[in-house]
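What follows is the content of entry-v8.tsv (TSV, C-alpha atoms).
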chain	number	residue	atom	x	y	z
A	21	MET	CA	58.03	63.13	37.39
A	22	SER	CA	54.27	62.87	37.75
A	23	THR	CA	52.65	61.09	40.67
A	24	SER	CA	49.17	59.86	41.51
A	25	LEU	CA	48.85	63.05	43.55
A	26	GLY	CA	48.97	65.24	40.45
A	27	PHE	CA	52.48	66.63	40.79
A	28	ASP	CA	54.91	67.03	37.90
A	29	ARG	CA	57.95	66.82	40.16
A	30	PRO	CA	59.26	64.71	43.05
A	31	ILE	CA	57.72	65.98	46.27
A	32	ARG	CA	58.36	66.18	49.98
A	33	ALA	CA	55.50	65.17	52.26
A	34	VAL	CA	54.68	65.52	55.95
A	35	VAL	CA	52.16	63.35	57.80
A	36	ILE	CA	50.96	64.55	61.19
A	37	GLY	CA	49.49	61.76	63.32
A	38	ALA	CA	51.64	59.00	61.84
A	39	GLY	CA	51.14	56.94	64.99
A	40	GLY	CA	47.46	56.36	64.22
A	41	GLY	CA	45.95	53.82	61.87
A	42	ILE	CA	45.18	56.16	58.97
A	43	GLY	CA	48.33	58.23	59.51
A	44	ALA	CA	50.65	55.21	59.44
A	45	ALA	CA	48.92	53.89	56.33
A	46	LEU	CA	49.29	57.26	54.61
A	47	VAL	CA	53.02	57.24	55.36
A	48	GLN	CA	53.43	53.75	53.89
A	49	ARG	CA	51.46	54.63	50.76
A	50	LEU	CA	53.48	57.79	50.21
A	51	MET	CA	56.77	55.97	50.71
A	52	ALA	CA	55.71	53.47	48.04
A	53	ASP	CA	54.98	56.27	45.54
A	54	PRO	CA	58.03	56.78	43.28
A	55	GLY	CA	57.10	60.43	42.90
A	56	VAL	CA	57.45	61.11	46.62
A	57	ALA	CA	61.09	61.83	47.43
A	58	HIS	CA	60.80	62.23	51.20
A	59	VAL	CA	58.21	61.59	53.90
A	60	SER	CA	58.42	63.13	57.37
A	61	ALA	CA	56.36	61.14	59.88
A	62	CYS	CA	55.21	63.07	62.96
A	63	ALA	CA	53.61	61.65	66.10
A	64	ARG	CA	53.36	62.21	69.84
A	65	GLN	CA	54.96	58.86	70.66
A	66	PRO	CA	58.06	57.21	69.14
A	67	LEU	CA	57.29	55.41	65.88
A	68	ALA	CA	58.38	51.97	64.75
A	69	SER	CA	61.39	51.78	62.49
A	70	GLY	CA	60.59	52.23	58.82
A	71	ILE	CA	57.65	54.59	59.25
A	72	GLY	CA	58.81	57.59	57.24
A	73	HIS	CA	62.20	58.67	55.95
A	74	ALA	CA	62.44	60.95	58.97
A	75	GLN	CA	60.55	60.93	62.27
A	76	HIS	CA	59.62	63.89	64.45
A	77	ALA	CA	57.97	64.25	67.85
A	78	LEU	CA	54.92	66.48	67.45
A	79	ASP	CA	51.84	67.02	69.61
A	80	ILE	CA	49.11	69.03	67.89
A	81	THR	CA	47.96	70.39	71.25
A	82	ASP	CA	51.45	71.82	71.88
A	83	GLU	CA	52.24	74.71	69.53
A	84	PRO	CA	55.98	74.89	70.34
A	85	SER	CA	56.38	71.26	69.21
A	86	ILE	CA	54.61	72.10	65.93
A	87	ALA	CA	56.78	75.15	65.36
A	88	ALA	CA	59.93	73.16	66.12
A	89	VAL	CA	59.15	70.50	63.53
A	90	ALA	CA	58.14	73.09	60.94
A	91	SER	CA	61.50	74.82	61.37
A	92	THR	CA	63.25	71.48	60.88
A	93	VAL	CA	61.56	69.97	57.81
A	94	GLY	CA	61.96	72.99	55.54
A	95	ALA	CA	60.09	73.29	52.23
A	96	VAL	CA	57.25	70.81	51.70
A	97	ASP	CA	54.71	70.11	48.95
A	98	LEU	CA	52.16	67.99	50.80
A	99	VAL	CA	50.97	68.18	54.42
A	100	LEU	CA	48.45	65.67	55.79
A	101	VAL	CA	46.94	66.00	59.27
A	102	ALA	CA	45.59	62.58	60.28
A	103	THR	CA	44.71	63.24	63.91
A	104	GLY	CA	41.38	63.21	65.69
A	105	LEU	CA	39.54	62.57	68.94
A	106	LEU	CA	36.08	61.03	69.33
A	107	HIS	CA	36.26	59.26	72.67
A	108	GLY	CA	38.64	58.74	75.56
A	109	PRO	CA	38.87	59.11	79.33
A	110	GLY	CA	35.96	61.33	80.33
A	111	ILE	CA	34.88	61.81	76.70
A	112	GLN	CA	32.06	59.93	74.98
A	113	PRO	CA	29.80	61.02	72.08
A	114	GLU	CA	26.73	62.65	73.60
A	115	LYS	CA	23.27	61.23	72.87
A	116	THR	CA	21.53	64.26	74.39
A	117	TRP	CA	22.34	67.85	75.33
A	118	ARG	CA	21.98	66.78	78.96
A	119	SER	CA	25.29	64.92	78.59
A	120	ILE	CA	27.30	67.91	77.42
A	121	ASP	CA	30.37	68.44	79.59
A	122	PRO	CA	32.31	71.69	79.09
A	123	THR	CA	35.69	70.11	79.79
A	124	ALA	CA	35.12	67.32	77.26
A	125	LEU	CA	33.73	69.81	74.75
A	126	MET	CA	36.81	72.00	74.97
A	127	GLU	CA	39.13	69.00	74.60
A	128	LEU	CA	37.30	67.91	71.45
A	129	TYR	CA	37.75	71.41	70.02
A	130	ARG	CA	41.39	71.52	71.08
A	131	VAL	CA	42.29	68.26	69.33
A	132	ASN	CA	39.96	68.27	66.33
A	133	ALA	CA	39.95	71.95	65.36
A	134	VAL	CA	42.60	74.02	67.12
A	135	GLY	CA	45.41	71.49	66.66
A	136	PRO	CA	45.09	71.09	62.88
A	137	MET	CA	44.83	74.86	62.49
A	138	LEU	CA	48.03	75.33	64.47
A	139	VAL	CA	49.65	72.91	62.03
A	140	ALA	CA	48.33	75.06	59.19
A	141	LYS	CA	49.69	78.19	60.88
A	142	HIS	CA	53.24	76.83	60.84
A	143	PHE	CA	53.24	74.60	57.76
A	144	LEU	CA	51.30	76.58	55.15
A	145	PRO	CA	54.21	79.05	54.85
A	146	LEU	CA	56.45	76.11	53.89
A	147	LEU	CA	54.44	75.36	50.73
A	148	PRO	CA	55.88	76.63	47.42
A	149	ARG	CA	54.57	79.97	46.15
A	150	GLN	CA	54.36	78.61	42.61
A	151	GLY	CA	53.26	75.16	41.50
A	152	ARG	CA	50.95	72.57	42.96
A	153	SER	CA	50.83	71.95	46.71
A	154	LEU	CA	48.39	70.23	49.05
A	155	PHE	CA	47.32	70.70	52.68
A	156	ALA	CA	44.64	68.33	53.96
A	157	ALA	CA	43.19	67.32	57.31
A	158	ILE	CA	40.96	64.42	58.32
A	159	SER	CA	37.49	65.76	59.05
A	160	ALA	CA	34.18	63.85	59.15
A	161	LYS	CA	30.86	63.78	57.38
A	162	VAL	CA	29.15	64.25	60.74
A	163	GLY	CA	30.75	67.71	60.81
A	164	SER	CA	28.47	68.79	57.98
A	165	ILE	CA	25.71	71.01	59.36
A	166	GLU	CA	23.52	70.60	56.30
A	167	ASP	CA	23.85	66.80	56.35
A	168	ASN	CA	23.00	66.44	60.06
A	169	ARG	CA	19.88	64.25	60.13
A	170	LEU	CA	20.34	62.21	63.32
A	171	GLY	CA	21.54	64.67	65.94
A	172	GLY	CA	23.69	63.59	68.88
A	173	TRP	CA	27.49	63.60	69.05
A	174	TYR	CA	27.36	67.31	69.88
A	175	GLY	CA	31.01	67.91	70.65
A	176	TYR	CA	32.53	65.86	67.83
A	177	ARG	CA	30.12	67.27	65.25
A	178	ALA	CA	30.78	70.83	66.38
A	179	ALA	CA	34.56	70.40	66.50
A	180	LYS	CA	34.68	68.96	62.98
A	181	ALA	CA	32.37	71.73	61.73
A	182	ALA	CA	34.79	74.22	63.27
A	183	LEU	CA	37.70	72.48	61.53
A	184	ASN	CA	35.89	72.73	58.20
A	185	GLN	CA	35.34	76.45	58.68
A	186	LEU	CA	38.96	77.01	59.67
A	187	LEU	CA	40.23	75.17	56.60
A	188	LYS	CA	37.85	77.04	54.31
A	189	THR	CA	39.06	80.36	55.73
A	190	ALA	CA	42.70	79.33	55.40
A	191	ALA	CA	42.09	78.36	51.76
A	192	ILE	CA	40.76	81.85	51.01
A	193	GLU	CA	43.86	83.46	52.52
A	194	LEU	CA	46.32	80.99	51.00
A	195	VAL	CA	45.23	81.56	47.39
A	196	ARG	CA	46.47	85.16	47.61
A	197	THR	CA	50.09	84.03	47.85
A	198	ARG	CA	49.92	80.45	46.55
A	199	PRO	CA	47.37	80.33	43.72
A	200	ASP	CA	48.12	76.69	42.84
A	201	ALA	CA	47.67	75.35	46.38
A	202	VAL	CA	44.78	73.16	47.52
A	203	VAL	CA	43.42	73.02	51.08
A	204	ALA	CA	40.97	70.19	51.74
A	205	ALA	CA	38.99	68.56	54.54
A	206	LEU	CA	38.65	64.80	54.07
A	207	HIS	CA	36.01	62.34	55.28
A	208	PRO	CA	37.62	58.87	55.39
A	209	GLY	CA	34.47	56.83	55.98
A	210	THR	CA	34.35	54.25	58.76
A	211	VAL	CA	37.86	52.87	59.16
A	212	THR	CA	38.89	49.96	61.37
A	213	THR	CA	40.91	52.05	63.83
A	214	ARG	CA	40.75	52.65	67.58
A	215	LEU	CA	38.70	55.80	66.98
A	216	SER	CA	35.79	53.91	65.42
A	217	GLU	CA	36.05	50.64	67.33
A	218	PRO	CA	33.27	51.21	69.91
A	219	PHE	CA	30.82	52.51	67.27
A	220	ARG	CA	30.88	49.93	64.48
A	221	GLY	CA	27.90	47.92	65.69
A	222	GLY	CA	25.46	49.46	63.21
A	223	VAL	CA	27.92	49.58	60.33
A	224	SER	CA	27.72	46.86	57.68
A	225	ALA	CA	30.86	44.87	56.96
A	226	GLU	CA	31.01	46.19	53.40
A	227	SER	CA	31.04	49.77	54.71
A	228	LEU	CA	34.12	49.19	56.86
A	229	VAL	CA	37.56	49.72	55.33
A	230	THR	CA	41.07	49.03	56.54
A	231	PRO	CA	43.49	51.91	57.16
A	232	ASP	CA	45.44	50.94	54.03
A	233	ILE	CA	42.36	51.09	51.81
A	234	SER	CA	41.31	54.35	53.45
A	235	ALA	CA	44.74	55.87	52.82
A	236	ASN	CA	44.59	54.82	49.19
A	237	ASN	CA	41.12	56.32	48.82
A	238	LEU	CA	42.13	59.63	50.40
A	239	LEU	CA	45.29	59.98	48.31
A	240	THR	CA	43.30	59.20	45.17
A	241	VAL	CA	40.83	61.97	46.04
A	242	LEU	CA	43.65	64.44	46.68
A	243	GLY	CA	45.17	63.60	43.31
A	244	GLN	CA	41.94	64.67	41.63
A	245	LEU	CA	41.62	68.05	43.37
A	246	GLY	CA	42.68	71.35	41.85
A	247	PRO	CA	42.80	74.96	43.03
A	248	ALA	CA	39.09	75.42	42.25
A	249	ASP	CA	38.33	72.75	44.87
A	250	SER	CA	40.35	74.40	47.63
A	251	GLY	CA	38.46	74.84	50.88
A	252	GLY	CA	36.05	71.97	50.26
A	253	LEU	CA	35.04	68.91	52.27
A	254	PHE	CA	35.44	65.68	50.30
A	255	ALA	CA	34.41	62.10	51.06
A	256	TRP	CA	36.68	59.12	50.47
A	257	SER	CA	34.69	58.47	47.27
A	258	GLY	CA	35.55	61.88	45.85
A	259	GLN	CA	32.07	63.29	46.50
A	260	ARG	CA	32.04	66.90	47.61
A	261	LEU	CA	30.07	67.13	50.85
A	262	PRO	CA	28.08	70.16	52.02
A	263	TYR	CA	29.32	72.20	54.93

Can you dump the structure from the file as structure tokens?
Amino acid sequence: MSTSLGFDRPIRAVVIGAGGGIGAALVQRLMADPGVAHVSACARQPLASGIGHAQHALDITDEPSIAAVASTVGAVDLVLVATGLLHGPGIQPEKTWRSIDPTALMELYRVNAVGPMLVAKHFLPLLPRQGRSLFAAISAKVGSIEDNRLGGWYGYRAAKAALNQLLKTAAIELVRTRPDAVVAALHPGTVTTRLSEPFRGGVSAESLVTPDISANNLLTVLGQLGPADSGGLFAWSGQRLPY
């Protein structure tokens, strides 16, 4: 059975961060795909009924919780990490280097880079050794060093750049044992979620998308990627972005 994700068989999927706007929308889209046999929805907090075929408590900053879920779900074909941190208590995007706070900086790295890589550490071994498989994490265009024209947002930019490097490195290692696998970093655009809410003032209405549209865009992009694309950073439009 083929699916929009490019598989020729029914697949099992895992979504990390299913409690967020994009994560929940990804779960719903996958559940509506007849080629997806099972969706495991993972989040820090309890999820509403109907989000996923199975639900698991997982905190990407807590490695034992990641390992516990990985040992439970078994073999998977698709893993999506839809977590991220831009602002919160004591954390705001910096406009100048004078605003850099080491505690905030480390928290941004912990959530945006270390957490997704810990997911990779425990979930990449669950992908099949033969046949198509996908591992993707939400990154950001502002994590591109080459594309940085405006400056600012030091911690978030740096953490997403670190995530991109980690995923690229994982892709190089993964191809040795799983030549048909694809690892990708995804830029979702500006989505109407809590993460972007305080920073939409300069964004035109036509540039904003709902979580459902974003999820559809991201899954469409993933369906178009092959092993030769593994390790890349891709925008919601399918454009490959520079690191």

Exercise. Which polymer residues, protein or nucleic acid, are no farther than 10 Å from (37.2, 72.4, 58.2), counting only C-alpha atoms, as JSON, numbers by chain?
Worked result: {"A": [132, 133, 136, 137, 156, 157, 158, 159, 160, 163, 164, 179, 180, 181, 182, 183, 184, 185, 186, 187, 188, 189, 190, 203, 204, 205, 206, 251, 252, 253, 263]}

Selection to disk with C-alpha atoms, as a PDB file, in the frame of the given file:
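Listed below is the output, part-v1.pdb:
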ATOM      1  CA  ASN A 132      39.960  68.270  66.330  1.00  0.00           C
ATOM      2  CA  ALA A 133      39.950  71.950  65.360  1.00  0.00           C
ATOM      3  CA  PRO A 136      45.090  71.090  62.880  1.00  0.00           C
ATOM      4  CA  MET A 137      44.830  74.860  62.490  1.00  0.00           C
ATOM      5  CA  ALA A 156      44.640  68.330  53.960  1.00  0.00           C
ATOM      6  CA  ALA A 157      43.190  67.320  57.310  1.00  0.00           C
ATOM      7  CA  ILE A 158      40.960  64.420  58.320  1.00  0.00           C
ATOM      8  CA  SER A 159      37.490  65.760  59.050  1.00  0.00           C
ATOM      9  CA  ALA A 160      34.180  63.850  59.150  1.00  0.00           C
ATOM     10  CA  GLY A 163      30.750  67.710  60.810  1.00  0.00           C
ATOM     11  CA  SER A 164      28.470  68.790  57.980  1.00  0.00           C
ATOM     12  CA  ALA A 179      34.560  70.400  66.500  1.00  0.00           C
ATOM     13  CA  LYS A 180      34.680  68.960  62.980  1.00  0.00           C
ATOM     14  CA  ALA A 181      32.370  71.730  61.730  1.00  0.00           C
ATOM     15  CA  ALA A 182      34.790  74.220  63.270  1.00  0.00           C
ATOM     16  CA  LEU A 183      37.700  72.480  61.530  1.00  0.00           C
ATOM     17  CA  ASN A 184      35.890  72.730  58.200  1.00  0.00           C
ATOM     18  CA  GLN A 185      35.340  76.450  58.680  1.00  0.00           C
ATOM     19  CA  LEU A 186      38.960  77.010  59.670  1.00  0.00           C
ATOM     20  CA  LEU A 187      40.230  75.170  56.600  1.00  0.00           C
ATOM     21  CA  LYS A 188      37.850  77.040  54.310  1.00  0.00           C
ATOM     22  CA  THR A 189      39.060  80.360  55.730  1.00  0.00           C
ATOM     23  CA  ALA A 190      42.700  79.330  55.400  1.00  0.00           C
ATOM     24  CA  VAL A 203      43.420  73.020  51.080  1.00  0.00           C
ATOM     25  CA  ALA A 204      40.970  70.190  51.740  1.00  0.00           C
ATOM     26  CA  ALA A 205      38.990  68.560  54.540  1.00  0.00           C
ATOM     27  CA  LEU A 206      38.650  64.800  54.070  1.00  0.00           C
ATOM     28  CA  GLY A 251      38.460  74.840  50.880  1.00  0.00           C
ATOM     29  CA  GLY A 252      36.050  71.970  50.260  1.00  0.00           C
ATOM     30  CA  LEU A 253      35.040  68.910  52.270  1.00  0.00           C
ATOM     31  CA  TYR A 263      29.320  72.200  54.930  1.00  0.00           C
TER      32      TYR A 263
END

For this session: Step by step: start from the point (47.6, 55.4, 56.4) in the file's coordinates, keep every protein, DNA or RNA residue that has an atom no farther than 9 Å from it, count all atoms listed in the file, and write the set as a ChimeraX atom specification.
Result: /A:38,40-50,102,231-236

For this session: Take CA of Gln75 in chain A and CA of Thr92 in chain A and report the distance between them in Å, one decimal.
Result: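 These two atoms are separated by 11.0 Å.
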
For this session: Have a look at CA of Val134 in chain A and CA of Gly151 in chain A and let me know their distance in Å, one decimal.
Result: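 Separation of CA of Val134 in chain A and CA of Gly151 in chain A: 27.8 Å.
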
Would you give the centre and edge lengths, in Å to one decimal, of a box along x, y and z around the listed atoms of range 113-124 of chain A, with 4 Å added to each side, as JSON?
{"center_x": 28.6, "center_y": 66.4, "center_z": 75.9, "size_x": 22.2, "size_y": 18.7, "size_z": 15.7}

For this session: Using all atoms listed in the file, pick whichever of A:Leu170, A:Val241, A:Ala124, A:Leu194 has the shortest atom-to-atom distance to Pro148 in chain A.
Result: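 That would be A:Leu194, the residue with the smallest distance to Pro148 in chain A.
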
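Across the model, the gap from CA of Val93 in chain A to CA of Ser60 in chain A is 7.5 Å.
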
Exercise. Looking at A:Ile111, A:Gly209, A:Gly171, A:Asp97, which one is nearest to Phe155 in chain A, with distances taken over all atoms listed in the file?
Worked result: A:Asp97

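Minimum atom-to-atom distance to Asp53 in chain A, evaluated using all atoms listed in the file, belongs to A:Ser24 out of A:Thr81, A:Ser69, A:Ser24, A:Thr240.
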
Problem set entry | Proximity to Ala61 in chain A - best of A:Ala33, A:Leu98, A:Ala87, A:Leu128, all atoms listed in the file |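 Result for the nearest residue to Ala61 in chain A: A:Ala33.
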